[in-house]
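*Asks:* Below is the file start-v6.cif, with mmCIF, C-alpha atoms and all ligand atoms.
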```cif
data_structure
loop_
_atom_site.group_PDB
_atom_site.id
_atom_site.type_symbol
_atom_site.label_atom_id
_atom_site.label_comp_id
_atom_site.auth_asym_id
_atom_site.auth_seq_id
_atom_site.Cartn_x
_atom_site.Cartn_y
_atom_site.Cartn_z
ATOM 1 C CA MET A 1312 -17.613 -7.165 -22.490
ATOM 2 C CA ASP A 1313 -20.616 -6.065 -20.453
ATOM 3 C CA VAL A 1314 -20.812 -2.770 -18.589
ATOM 4 C CA VAL A 1315 -23.200 -2.793 -15.635
ATOM 5 C CA SER A 1316 -23.986 -0.062 -13.077
ATOM 6 C CA ASP A 1317 -26.719 -1.671 -11.033
ATOM 7 C CA VAL A 1318 -25.990 -3.976 -8.062
ATOM 8 C CA ALA A 1319 -28.845 -6.422 -8.764
ATOM 9 C CA GLU A 1320 -27.892 -6.545 -12.430
ATOM 10 C CA ILE A 1321 -24.198 -7.263 -11.833
ATOM 11 C CA ARG A 1322 -25.131 -10.017 -9.377
ATOM 12 C CA ALA A 1323 -27.373 -11.576 -12.020
ATOM 13 C CA ARG A 1324 -24.681 -11.193 -14.705
ATOM 14 C CA LEU A 1325 -22.086 -12.959 -12.552
ATOM 15 C CA GLN A 1326 -24.390 -15.791 -11.475
ATOM 16 C CA GLY A 1327 -22.840 -19.070 -12.659
ATOM 17 C CA VAL A 1328 -19.914 -17.510 -14.596
ATOM 18 C CA PRO A 1329 -16.820 -19.723 -15.023
ATOM 19 C CA ARG A 1330 -14.608 -19.624 -11.931
ATOM 20 C CA PRO A 1331 -12.191 -18.491 -10.684
ATOM 21 C CA LEU A 1332 -13.631 -14.999 -10.885
ATOM 22 C CA GLY A 1333 -11.070 -12.188 -10.584
ATOM 23 C CA LEU A 1334 -11.823 -8.611 -9.543
ATOM 24 C CA VAL A 1335 -9.678 -5.556 -10.267
ATOM 25 C CA PRO A 1336 -10.987 -2.553 -8.310
ATOM 26 C CA THR A 1337 -10.042 0.805 -9.860
ATOM 27 C CA MET A 1338 -11.055 4.456 -9.913
ATOM 28 C CA GLY A 1339 -10.682 4.603 -13.699
ATOM 29 C CA ALA A 1340 -8.427 6.932 -15.739
ATOM 30 C CA LEU A 1341 -6.698 3.686 -16.554
ATOM 31 C CA HIS A 1342 -2.991 3.369 -17.335
ATOM 32 C CA GLY A 1343 -0.449 0.584 -17.649
ATOM 33 C CA GLY A 1344 -0.467 -0.044 -13.883
ATOM 34 C CA HIS A 1345 -4.171 -0.874 -13.904
ATOM 35 C CA LEU A 1346 -3.774 -2.913 -17.074
ATOM 36 C CA SER A 1347 -1.029 -4.998 -15.449
ATOM 37 C CA LEU A 1348 -3.571 -6.004 -12.782
ATOM 38 C CA VAL A 1349 -6.109 -6.900 -15.475
ATOM 39 C CA ASP A 1350 -3.415 -8.870 -17.262
ATOM 40 C CA ALA A 1351 -2.591 -10.828 -14.085
ATOM 41 C CA ALA A 1352 -6.308 -11.475 -13.543
ATOM 42 C CA THR A 1353 -6.820 -12.759 -17.085
ATOM 43 C CA ARG A 1354 -3.868 -15.130 -16.662
ATOM 44 C CA HIS A 1355 -5.221 -16.616 -13.392
ATOM 45 C CA CYS A 1356 -8.989 -16.366 -13.761
ATOM 46 C CA ALA A 1357 -11.667 -17.709 -16.111
ATOM 47 C CA THR A 1358 -13.775 -14.574 -15.653
ATOM 48 C CA VAL A 1359 -12.423 -11.067 -15.028
ATOM 49 C CA ALA A 1360 -14.482 -8.236 -13.563
ATOM 50 C CA VAL A 1361 -13.133 -4.697 -13.258
ATOM 51 C CA SER A 1362 -14.810 -2.003 -11.191
ATOM 52 C CA ILE A 1363 -14.516 1.676 -12.043
ATOM 53 C CA PHE A 1364 -15.687 3.850 -9.186
ATOM 54 C CA VAL A 1365 -14.265 7.196 -8.087
ATOM 55 C CA ASN A 1366 -15.011 6.516 -4.447
ATOM 56 C CA PRO A 1367 -16.109 9.716 -2.711
ATOM 57 C CA LEU A 1368 -15.612 8.135 0.732
ATOM 58 C CA GLN A 1369 -11.849 7.917 0.317
ATOM 59 C CA PHE A 1370 -11.364 11.618 -0.505
ATOM 60 C CA GLY A 1371 -11.080 14.122 2.315
ATOM 61 C CA PRO A 1372 -12.464 17.651 2.295
ATOM 62 C CA GLY A 1373 -10.377 19.834 -0.014
ATOM 63 C CA GLU A 1374 -8.932 16.829 -1.876
ATOM 64 C CA ASP A 1375 -9.301 16.243 -5.598
ATOM 65 C CA PHE A 1376 -12.555 14.225 -5.795
ATOM 66 C CA GLN A 1377 -14.251 16.703 -8.139
ATOM 67 C CA ARG A 1378 -11.346 17.095 -10.528
ATOM 68 C CA TYR A 1379 -10.116 13.470 -10.358
ATOM 69 C CA PRO A 1380 -9.557 12.408 -14.012
ATOM 70 C CA ARG A 1381 -12.487 10.517 -15.550
ATOM 71 C CA SER A 1382 -12.210 8.870 -18.967
ATOM 72 C CA LEU A 1383 -14.857 6.143 -19.051
ATOM 73 C CA ASP A 1384 -15.066 5.655 -22.830
ATOM 74 C CA ALA A 1385 -11.307 5.251 -23.252
ATOM 75 C CA ASP A 1386 -11.167 3.018 -20.146
ATOM 76 C CA LEU A 1387 -13.825 0.685 -21.548
ATOM 77 C CA GLN A 1388 -11.963 0.365 -24.836
ATOM 78 C CA GLU A 1389 -8.749 -0.518 -23.013
ATOM 79 C CA LEU A 1390 -10.512 -3.061 -20.812
ATOM 80 C CA ASP A 1391 -12.215 -4.701 -23.754
ATOM 81 C CA ALA A 1392 -8.862 -5.011 -25.534
ATOM 82 C CA ALA A 1393 -7.254 -6.340 -22.336
ATOM 83 C CA GLY A 1394 -9.771 -9.176 -22.118
ATOM 84 C CA ALA A 1395 -11.994 -8.100 -19.202
ATOM 85 C CA HIS A 1396 -15.429 -9.713 -19.281
ATOM 86 C CA VAL A 1397 -17.517 -7.443 -17.080
ATOM 87 C CA VAL A 1398 -17.072 -3.844 -15.910
ATOM 88 C CA PHE A 1399 -18.971 -2.632 -12.854
ATOM 89 C CA THR A 1400 -19.538 1.139 -12.834
ATOM 90 C CA PRO A 1401 -21.780 1.899 -9.850
ATOM 91 C CA ASP A 1402 -22.930 5.484 -9.364
ATOM 92 C CA ALA A 1403 -22.005 7.232 -6.143
ATOM 93 C CA ALA A 1404 -25.545 8.310 -5.232
ATOM 94 C CA SER A 1405 -26.728 4.722 -4.901
ATOM 95 C CA PHE A 1406 -23.501 2.874 -4.019
ATOM 96 C CA THR A 1407 -22.409 5.296 -1.277
ATOM 97 C CA PRO A 1408 -25.640 7.118 -0.394
ATOM 98 C CA PRO A 1409 -25.418 9.976 2.126
ATOM 99 C CA GLY A 1410 -27.737 8.122 4.538
ATOM 100 C CA ARG A 1411 -25.574 5.027 4.953
ATOM 101 C CA LEU A 1412 -24.689 4.189 8.558
ATOM 102 C CA THR A 1413 -22.135 1.403 8.233
ATOM 103 C CA SER A 1414 -18.384 1.548 7.724
ATOM 104 C CA VAL A 1415 -15.641 -1.055 7.731
ATOM 105 C CA VAL A 1416 -12.695 0.177 9.768
ATOM 106 C CA VAL A 1417 -9.266 -1.436 10.100
ATOM 107 C CA ALA A 1418 -7.563 -0.089 13.231
ATOM 108 C CA SER A 1419 -3.924 0.951 13.826
ATOM 109 C CA LEU A 1420 -2.488 -0.029 10.395
ATOM 110 C CA THR A 1421 -4.585 2.784 8.932
ATOM 111 C CA GLN A 1422 -3.474 5.477 11.342
ATOM 112 C CA ARG A 1423 0.043 6.109 10.063
ATOM 113 C CA LEU A 1424 1.537 7.289 6.746
ATOM 114 C CA GLU A 1425 -1.359 7.855 4.313
ATOM 115 C CA GLY A 1426 -3.865 7.560 7.167
ATOM 116 C CA SER A 1427 -2.181 10.284 9.148
ATOM 117 C CA SER A 1428 -2.030 12.668 6.174
ATOM 118 C CA ARG A 1429 -5.499 11.695 4.914
ATOM 119 C CA PRO A 1430 -7.725 11.032 7.962
ATOM 120 C CA GLY A 1431 -10.609 8.688 7.141
ATOM 121 C CA HIS A 1432 -9.122 7.746 3.759
ATOM 122 C CA PHE A 1433 -8.746 4.051 4.532
ATOM 123 C CA ASP A 1434 -12.220 3.796 6.111
ATOM 124 C CA GLY A 1435 -13.540 4.898 2.726
ATOM 125 C CA VAL A 1436 -11.348 2.378 0.926
ATOM 126 C CA THR A 1437 -12.181 -0.607 3.154
ATOM 127 C CA THR A 1438 -15.908 0.179 3.218
ATOM 128 C CA VAL A 1439 -16.140 0.328 -0.571
ATOM 129 C CA VAL A 1440 -13.803 -2.626 -1.191
ATOM 130 C CA THR A 1441 -15.940 -4.714 1.191
ATOM 131 C CA LYS A 1442 -19.043 -3.688 -0.746
ATOM 132 C CA LEU A 1443 -17.327 -4.615 -4.022
ATOM 133 C CA PHE A 1444 -16.303 -8.003 -2.598
ATOM 134 C CA ASN A 1445 -19.854 -8.559 -1.376
ATOM 135 C CA VAL A 1446 -21.464 -7.651 -4.690
ATOM 136 C CA ILE A 1447 -18.960 -9.299 -7.064
ATOM 137 C CA ARG A 1448 -17.948 -12.255 -4.818
ATOM 138 C CA PRO A 1449 -14.536 -12.669 -6.476
ATOM 139 C CA ASP A 1450 -12.238 -15.618 -5.797
ATOM 140 C CA GLN A 1451 -9.190 -13.399 -6.355
ATOM 141 C CA ALA A 1452 -8.801 -9.636 -6.066
ATOM 142 C CA TYR A 1453 -5.867 -7.751 -7.584
ATOM 143 C CA PHE A 1454 -4.230 -4.701 -6.019
ATOM 144 C CA GLY A 1455 -1.044 -2.817 -6.896
ATOM 145 C CA GLU A 1456 1.980 -2.461 -4.629
ATOM 146 C CA LYS A 1457 1.987 1.178 -5.744
ATOM 147 C CA ASP A 1458 -0.517 1.714 -2.903
ATOM 148 C CA PHE A 1459 1.612 -0.285 -0.504
ATOM 149 C CA GLN A 1460 -0.261 0.587 2.680
ATOM 150 C CA GLN A 1461 -3.637 0.017 1.017
ATOM 151 C CA LEU A 1462 -2.559 -3.485 0.021
ATOM 152 C CA ALA A 1463 -1.469 -4.250 3.607
ATOM 153 C CA VAL A 1464 -4.738 -2.863 4.997
ATOM 154 C CA ILE A 1465 -6.849 -4.925 2.606
ATOM 155 C CA ARG A 1466 -4.890 -8.105 3.313
ATOM 156 C CA ARG A 1467 -5.449 -7.498 7.008
ATOM 157 C CA MET A 1468 -9.181 -6.814 6.563
ATOM 158 C CA VAL A 1469 -9.600 -10.008 4.515
ATOM 159 C CA ALA A 1470 -7.756 -12.041 7.165
ATOM 160 C CA ASP A 1471 -9.533 -10.473 10.135
ATOM 161 C CA LEU A 1472 -13.015 -10.861 8.622
ATOM 162 C CA ASP A 1473 -12.375 -14.268 6.983
ATOM 163 C CA LEU A 1474 -13.507 -12.847 3.667
ATOM 164 C CA PRO A 1475 -13.522 -15.648 1.062
ATOM 165 C CA VAL A 1476 -11.167 -13.964 -1.396
ATOM 166 C CA THR A 1477 -7.450 -14.261 -2.148
ATOM 167 C CA VAL A 1478 -5.689 -10.913 -2.356
ATOM 168 C CA VAL A 1479 -3.029 -10.786 -5.064
ATOM 169 C CA GLY A 1480 -0.446 -7.981 -4.916
ATOM 170 C CA CYS A 1481 1.118 -6.883 -8.219
ATOM 171 C CA PRO A 1482 4.402 -4.967 -8.756
ATOM 172 C CA ILE A 1483 4.554 -1.248 -9.490
ATOM 173 C CA VAL A 1484 4.540 -0.352 -13.192
ATOM 174 C CA ARG A 1485 6.782 2.598 -14.037
ATOM 175 C CA ASP A 1486 7.451 4.770 -17.042
ATOM 176 C CA PRO A 1487 10.833 4.014 -18.648
ATOM 177 C CA ASP A 1488 12.408 6.909 -16.711
ATOM 178 C CA GLY A 1489 11.210 5.435 -13.395
ATOM 179 C CA LEU A 1490 8.125 7.550 -12.598
ATOM 180 C CA ALA A 1491 5.455 5.295 -11.064
ATOM 181 C CA LEU A 1492 2.339 5.341 -13.244
ATOM 182 C CA SER A 1493 -0.575 7.100 -11.540
ATOM 183 C CA SER A 1494 -3.845 8.598 -12.724
ATOM 184 C CA ARG A 1495 -2.735 11.761 -10.896
ATOM 185 C CA ASN A 1496 0.313 12.118 -13.192
ATOM 186 C CA ALA A 1497 -2.204 13.657 -15.627
ATOM 187 C CA TYR A 1498 -2.213 16.749 -13.366
ATOM 188 C CA LEU A 1499 1.533 17.332 -13.831
ATOM 189 C CA SER A 1500 2.965 19.922 -16.204
ATOM 190 C CA GLY A 1501 6.142 18.931 -18.092
ATOM 191 C CA GLU A 1502 8.253 20.747 -15.527
ATOM 192 C CA GLN A 1503 6.400 19.154 -12.616
ATOM 193 C CA ARG A 1504 6.836 15.723 -14.128
ATOM 194 C CA VAL A 1505 10.615 16.287 -14.135
ATOM 195 C CA ALA A 1506 10.429 17.352 -10.479
ATOM 196 C CA ALA A 1507 8.308 14.289 -9.653
ATOM 197 C CA LEU A 1508 11.028 12.002 -11.017
ATOM 198 C CA GLN A 1509 13.123 12.854 -7.967
ATOM 199 C CA LEU A 1510 10.895 10.568 -5.870
ATOM 200 C CA SER A 1511 11.613 7.388 -7.804
ATOM 201 C CA GLN A 1512 15.252 8.403 -8.288
ATOM 202 C CA ALA A 1513 15.769 8.870 -4.542
ATOM 203 C CA LEU A 1514 14.080 5.529 -3.808
ATOM 204 C CA HIS A 1515 16.103 3.751 -6.453
ATOM 205 C CA ARG A 1516 19.358 5.191 -5.133
ATOM 206 C CA LEU A 1517 18.389 4.210 -1.602
ATOM 207 C CA SER A 1518 17.692 0.623 -2.646
ATOM 208 C CA GLN A 1519 21.108 0.406 -4.289
ATOM 209 C CA GLU A 1520 22.933 1.892 -1.303
ATOM 210 C CA TRP A 1521 20.845 0.049 1.322
ATOM 211 C CA ALA A 1522 23.058 -1.634 3.891
ATOM 212 C CA GLY A 1523 20.419 -2.252 6.570
ATOM 213 C CA ASP A 1524 20.831 0.955 8.587
ATOM 214 C CA ALA A 1525 17.354 2.461 8.728
ATOM 215 C CA ALA A 1526 18.256 5.666 10.592
ATOM 216 C CA THR A 1527 20.883 6.663 8.029
ATOM 217 C CA ALA A 1528 18.683 5.656 5.114
ATOM 218 C CA VAL A 1529 15.702 7.670 6.356
ATOM 219 C CA ALA A 1530 17.864 10.705 7.105
ATOM 220 C CA THR A 1531 19.373 10.585 3.601
ATOM 221 C CA LEU A 1532 15.993 10.104 1.939
ATOM 222 C CA ARG A 1533 14.417 12.975 3.891
ATOM 223 C CA ARG A 1534 17.349 15.277 3.237
ATOM 224 C CA THR A 1535 17.365 14.479 -0.491
ATOM 225 C CA LEU A 1536 13.636 15.000 -0.911
ATOM 226 C CA SER A 1537 13.439 18.067 1.346
ATOM 227 C CA GLN A 1538 16.066 19.707 -0.842
ATOM 228 C CA ALA A 1539 14.534 18.519 -4.137
ATOM 229 C CA SER A 1540 13.323 21.497 -6.127
ATOM 230 C CA GLY A 1541 9.607 21.588 -6.898
ATOM 231 C CA VAL A 1542 8.903 18.833 -4.330
ATOM 232 C CA ARG A 1543 7.240 19.307 -0.930
ATOM 233 C CA LEU A 1544 7.872 16.205 1.147
ATOM 234 C CA ASP A 1545 4.999 14.813 3.228
ATOM 235 C CA TYR A 1546 6.693 11.720 4.659
ATOM 236 C CA ALA A 1547 9.618 9.419 3.951
ATOM 237 C CA GLU A 1548 10.090 6.285 6.031
ATOM 238 C CA VAL A 1549 11.622 2.846 6.050
ATOM 239 C CA ILE A 1550 9.021 0.418 7.365
ATOM 240 C CA ASP A 1551 8.386 -3.222 8.122
ATOM 241 C CA PRO A 1552 6.468 -4.465 5.045
ATOM 242 C CA GLU A 1553 4.052 -6.504 7.200
ATOM 243 C CA THR A 1554 3.316 -4.300 10.212
ATOM 244 C CA LEU A 1555 4.149 -0.971 8.492
ATOM 245 C CA GLU A 1556 5.961 0.065 11.697
ATOM 246 C CA PRO A 1557 8.936 2.352 11.065
ATOM 247 C CA PHE A 1558 12.393 0.850 11.441
ATOM 248 C CA GLU A 1559 14.868 2.919 13.351
ATOM 249 C CA GLY A 1560 17.929 0.739 13.904
ATOM 250 C CA VAL A 1561 19.631 -2.034 12.018
ATOM 251 C CA VAL A 1562 17.286 -4.117 9.856
ATOM 252 C CA GLU A 1563 18.008 -7.793 9.234
ATOM 253 C CA GLY A 1564 15.046 -8.784 7.044
ATOM 254 C CA PRO A 1565 13.166 -7.089 4.210
ATOM 255 C CA ALA A 1566 12.094 -3.470 4.496
ATOM 256 C CA GLN A 1567 10.103 -1.043 2.385
ATOM 257 C CA ALA A 1568 10.932 2.608 1.776
ATOM 258 C CA VAL A 1569 7.764 4.675 1.356
ATOM 259 C CA VAL A 1570 7.383 8.321 0.386
ATOM 260 C CA ALA A 1571 4.596 10.827 -0.206
ATOM 261 C CA ALA A 1572 5.162 14.310 -1.570
ATOM 262 C CA TYR A 1573 3.396 17.173 -3.266
ATOM 263 C CA VAL A 1574 4.513 18.412 -6.653
ATOM 264 C CA GLY A 1575 2.509 21.598 -7.106
ATOM 265 C CA ASP A 1576 -0.959 20.633 -5.828
ATOM 266 C CA THR A 1577 -0.528 16.997 -6.827
ATOM 267 C CA ARG A 1578 0.052 14.451 -4.092
ATOM 268 C CA LEU A 1579 2.199 11.544 -5.236
ATOM 269 C CA ILE A 1580 3.222 8.343 -3.452
ATOM 270 C CA ASP A 1581 5.886 5.804 -4.275
ATOM 271 C CA ASN A 1582 7.753 2.982 -2.568
ATOM 272 C CA ILE A 1583 10.480 0.414 -3.112
ATOM 273 C CA ARG A 1584 11.498 -2.841 -1.513
ATOM 274 C CA LEU A 1585 14.825 -2.884 0.311
ATOM 275 C CA GLU A 1586 16.345 -6.332 0.171
ATOM 276 C CA PRO A 1587 18.239 -7.558 3.251
ATOM 277 C CA ALA A 1588 21.847 -6.403 3.102
ATOM 278 C CA GLY A 1589 24.004 -8.979 1.336
ATOM 279 C CA SER A 1590 21.124 -10.695 -0.495
ATOM 280 C CA SER A 1591 20.664 -10.330 -4.219
ATOM 281 C CA PRO A 1592 17.390 -8.717 -5.346
ATOM 282 C CA ALA A 1593 14.581 -11.079 -6.368
ATOM 283 C CA ALA A 1594 14.565 -11.820 -10.098
HETATM 284 P P1 LIG B 1 -6.631 3.527 -8.429
HETATM 285 O O1 LIG B 1 -7.449 3.567 -9.679
HETATM 286 O O2 LIG B 1 -5.582 4.580 -8.324
HETATM 287 O O3 LIG B 1 -7.488 3.374 -7.187
HETATM 288 O O4 LIG B 1 -5.804 2.170 -8.525
HETATM 289 C C1 LIG B 1 -6.443 0.942 -8.720
HETATM 290 C C2 LIG B 1 -5.455 -0.169 -8.504
HETATM 291 O O5 LIG B 1 -4.375 -0.038 -9.424
HETATM 292 C C3 LIG B 1 -4.831 -0.161 -7.093
HETATM 293 O O6 LIG B 1 -4.733 -1.486 -6.622
HETATM 294 C C4 LIG B 1 -3.494 0.460 -7.342
HETATM 295 O O7 LIG B 1 -2.510 0.070 -6.408
HETATM 296 C C5 LIG B 1 -3.165 -0.091 -8.716
HETATM 297 N N1 LIG B 1 -2.144 0.741 -9.360
HETATM 298 C C6 LIG B 1 -2.175 2.091 -9.543
HETATM 299 N N2 LIG B 1 -1.029 2.516 -10.116
HETATM 300 C C7 LIG B 1 -0.251 1.413 -10.289
HETATM 301 C C8 LIG B 1 1.057 1.190 -10.816
HETATM 302 N N3 LIG B 1 1.801 2.180 -11.288
HETATM 303 N N4 LIG B 1 1.517 -0.077 -10.836
HETATM 304 C C9 LIG B 1 0.775 -1.108 -10.351
HETATM 305 N N5 LIG B 1 -0.461 -0.959 -9.833
HETATM 306 C C10 LIG B 1 -0.965 0.282 -9.810
#
```
Would you mind writing the file's structure down as structure tokens?
*Replies:*
Amino acid sequence: MDVVSDVAEIRARLQGVPRPLGLVPTMGALHGGHLSLVDAATRHCATVAVSIFVNPLQFGPGEDFQRYPRSLDADLQELDAAGAHVVFTPDAASFTPPGRLTSVVVASLTQRLEGSSRPGHFDGVTTVVTKLFNVIRPDQAYFGEKDFQQLAVIRRMVADLDLPVTVVGCPIVRDPDGLALSSRNAYLSGEQRVAALQLSQALHRLSQEWAGDAATAVATLRRTLSQASGVRLDYAEVIDPETLEPFEGVVEGPAQAVVAAYVGDTRLIDNIRLEPAGSSPAA
């Protein structure tokens, strides 16, 4: 497995590699969620590239860019064992230099939910993901449904700009007790981790009780999480999985429940699919 930081060098390394070429963009501090994307990529693609880049453009002022967990040596060992072929580790000073003048912006979809709580976040994501697509030129790119809105935004960007890449969404990987794996879970104390479990528990309960009434479901979810001890709710909504618009009345088709909350200083997100009332969940 090769580890390359320089743009010209990674382009040269990927010249003529067996296709399809898969890309898994990450910010490192890898866990089973990331590795599930690498696993999907190795099953579909002849060559697998992983990027590790803690993208400064997607962090707002006062967010956790400086203290974001970094564990490059351990990450590289895991990626080697998982069968990745190339790891791209650009450095921020040259990949996102202060003097750059160009951004890639997806309108409207990026304004709600995460975008409303983290202004500019998605501009940072789409700008850097476009750069990664442009440098790596993958045939397939793998993203987790854990970042549900991010996946929708990237699909939309790829469609709108006719980018020659297929976006593959992969299911959320959870700990056995239901907590969605996240690099930010490393910030949680034992007690906070127990508090954080209330997010996935509330979502799970909602998906079991879901009868298609969005107003009731949202009210229950908000009440549960507002009263959850050690949790400060940011948002809880039931949305259309394609448009991300909130549902308010009776929902006939699929829906997605999405939540964001703080546990201590740690901001966590989670989501779950709500199958149409009366249908059995997908296997
Ligand atoms: P990050 O390093 O947090 O930027 O995440 C890199 C990629 O891994 C994104 O596409 C995430 O959605 C995905 N990812 C993060 N956590 C999980 C998880 N628990 N299950 C599946 N995918 C995940």
*Asks:* Applied to this file, what does the PyMOL selection byres (((chain A and resi 1497) around 12) and not hetatm) return in terms of residues, put as a ChimeraX atom specification?
*Replies:* /A:1340-1342,1378-1382,1492-1496,1498-1501,1503-1504,1577-1579
*Asks:* May I have the protein, DNA and RNA residues with any atom at most 8 Å from the point (13.0, 10.0, -1.6), counting only C-alpha atoms, written as a VMD selection string?
*Replies:* chain A and resid 1509 to 1514 1517 1532 to 1533 1535 to 1536 1547 1570
*Asks:* For the provided coordinates, the residues matched by the PyMOL selection byres (((chain A and resi 1386-1390) around 10) and not hetatm) should be stated as a PyMOL selection string.
*Replies:* chain A and resi 1312-1314+1339-1343+1345-1346+1349-1350+1360-1361+1363+1381-1385+1391-1398
*Asks:* Let me make sure I understand: among A:Ala1530, A:Leu1325, A:Val1476, A:Val1569, which one has the smallest atom-to-atom distance to Glu1556 in chain A if we use all atoms listed in the file?
*Replies:* A:Val1569
*Asks:* Applying 12 Å and all atoms listed in the file, which residues near Gly1435 in chain A remain after dropping the ones on its own chain fewer than 6 positions away? List them as a PyMOL selection string.
*Replies:* chain A and resi 1365-1371+1407+1413-1417+1421+1426+1429+1441-1442+1461+1464-1465
*Asks:* Evaluated on this file, the PyMOL selection byres (((not hetatm)) within 6 of (chain B and resi 1)) picks out some residues - which ones are they, written as a ChimeraX atom specification?
*Replies:* /A:1336-1339,1344-1345,1454-1458,1482-1485,1491-1493
*Asks:* Closest to Thr1400 in chain A among A:Leu1508, A:Ala1463, A:Val1436, A:Val1318, using only C-alpha atoms?
*Replies:*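 Of all the options, A:Val1318 lies closest to Thr1400 in chain A.
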*Asks:* Between CA of Ser1405 in chain A and CA of Val1469 in chain A, what is the distance, to one decimal in Å?
*Replies:*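 CA of Val1469 in chain A lies 24.5 Å from CA of Ser1405 in chain A.
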*Asks:* One number please: CA of Val1529 in chain A to CA of Val1542 in chain A, in Å, one decimal.
*Replies:*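 Here the two named atoms are 16.9 Å from each other.
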*Asks:* Rounded to one decimal in Å, what is the spacing between CA of Val1505 in chain A and CA of Asn1582 in chain A?
*Replies:*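 Atom-to-atom, CA of Val1505 in chain A to CA of Asn1582 in chain A, that is 17.9 Å.
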*Asks:* Padding 6 Å on every side, please: axis-aligned box over the listed atoms of range 1382-1385 of chain A, centre and edge lengths to one decimal in Å, as AutoDock Vina command-line options.
*Replies:*
```
--center_x -13.2 --center_y 7.1 --center_z -21.1 --size_x 15.8 --size_y 15.6 --size_z 16.3
```
*Asks:* Can you pull out the residues contacting Val1315 in chain A? Cut-off 10 Å, using all atoms listed in the file, and skip same-chain residues under 5 positions away; I want them as a PDB file with C-alpha atoms, in the frame of the given file.
*Replies:*
```pdb
ATOM      1  CA  GLU A1320     -27.892  -6.545 -12.430  1.00  0.00           C
ATOM      2  CA  ILE A1321     -24.198  -7.263 -11.833  1.00  0.00           C
ATOM      3  CA  ARG A1322     -25.131 -10.017  -9.377  1.00  0.00           C
ATOM      4  CA  ARG A1324     -24.681 -11.193 -14.705  1.00  0.00           C
ATOM      5  CA  SER A1362     -14.810  -2.003 -11.191  1.00  0.00           C
ATOM      6  CA  VAL A1397     -17.517  -7.443 -17.080  1.00  0.00           C
ATOM      7  CA  VAL A1398     -17.072  -3.844 -15.910  1.00  0.00           C
ATOM      8  CA  PHE A1399     -18.971  -2.632 -12.854  1.00  0.00           C
ATOM      9  CA  THR A1400     -19.538   1.139 -12.834  1.00  0.00           C
ATOM     10  CA  PRO A1401     -21.780   1.899  -9.850  1.00  0.00           C
TER      11      PRO A1401
END
```
*Asks:* Please provide as a PyMOL selection string all residues within 7 Å of Pro1587 in chain A, with the sequence filter that same-chain residues fewer than 3 positions apart are discarded (counting only C-alpha atoms).
*Replies:* chain A and resi 1523+1563-1565+1590
*Asks:* Can you pull out the residues contacting Ala1526 in chain A? Cut-off 9 Å, using all atoms listed in the file, and skip same-chain residues under 5 positions away; I want them as an mmCIF file with C-alpha atoms, in the frame of the given file.
*Replies:*
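What landed in part.cif:
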```
data_model
loop_
_atom_site.group_PDB
_atom_site.id
_atom_site.type_symbol
_atom_site.label_atom_id
_atom_site.label_comp_id
_atom_site.auth_asym_id
_atom_site.auth_seq_id
_atom_site.Cartn_x
_atom_site.Cartn_y
_atom_site.Cartn_z
ATOM 1 C CA THR A 1531 19.373 10.585 3.601
ATOM 2 C CA VAL A 1549 11.622 2.846 6.050
ATOM 3 C CA PHE A 1558 12.393 0.850 11.441
ATOM 4 C CA GLU A 1559 14.868 2.919 13.351
ATOM 5 C CA GLY A 1560 17.929 0.739 13.904
ATOM 6 C CA VAL A 1561 19.631 -2.034 12.018
#
```
*Asks:* Between A:Ala1507, A:Asp1545, A:Val1446, A:Ala1522, single out the one closest to Ala1323 in chain A, counting all atoms listed in the file.
*Replies:*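 Between A:Ala1507, A:Asp1545, A:Val1446, A:Ala1522, the residue approaching Ala1323 in chain A most closely is A:Val1446.
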*Asks:* Under the rule that all atoms listed in the file are counted, which of A:Ser1316, A:Gln1538, A:Thr1477, A:Ser1518 is the nearest residue to Phe1444 in chain A?
*Replies:*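 For Phe1444 in chain A, the nearest of the given residues is A:Thr1477.
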*Asks:* Go through A:Ala1452, A:Leu1412, A:Arg1423, A:Ala1539 one by one, measure the shortest atom-to-atom distance of each to Thr1438 in chain A using all atoms listed in the file, and give the residue with the smallest value.
*Replies:* A:Leu1412
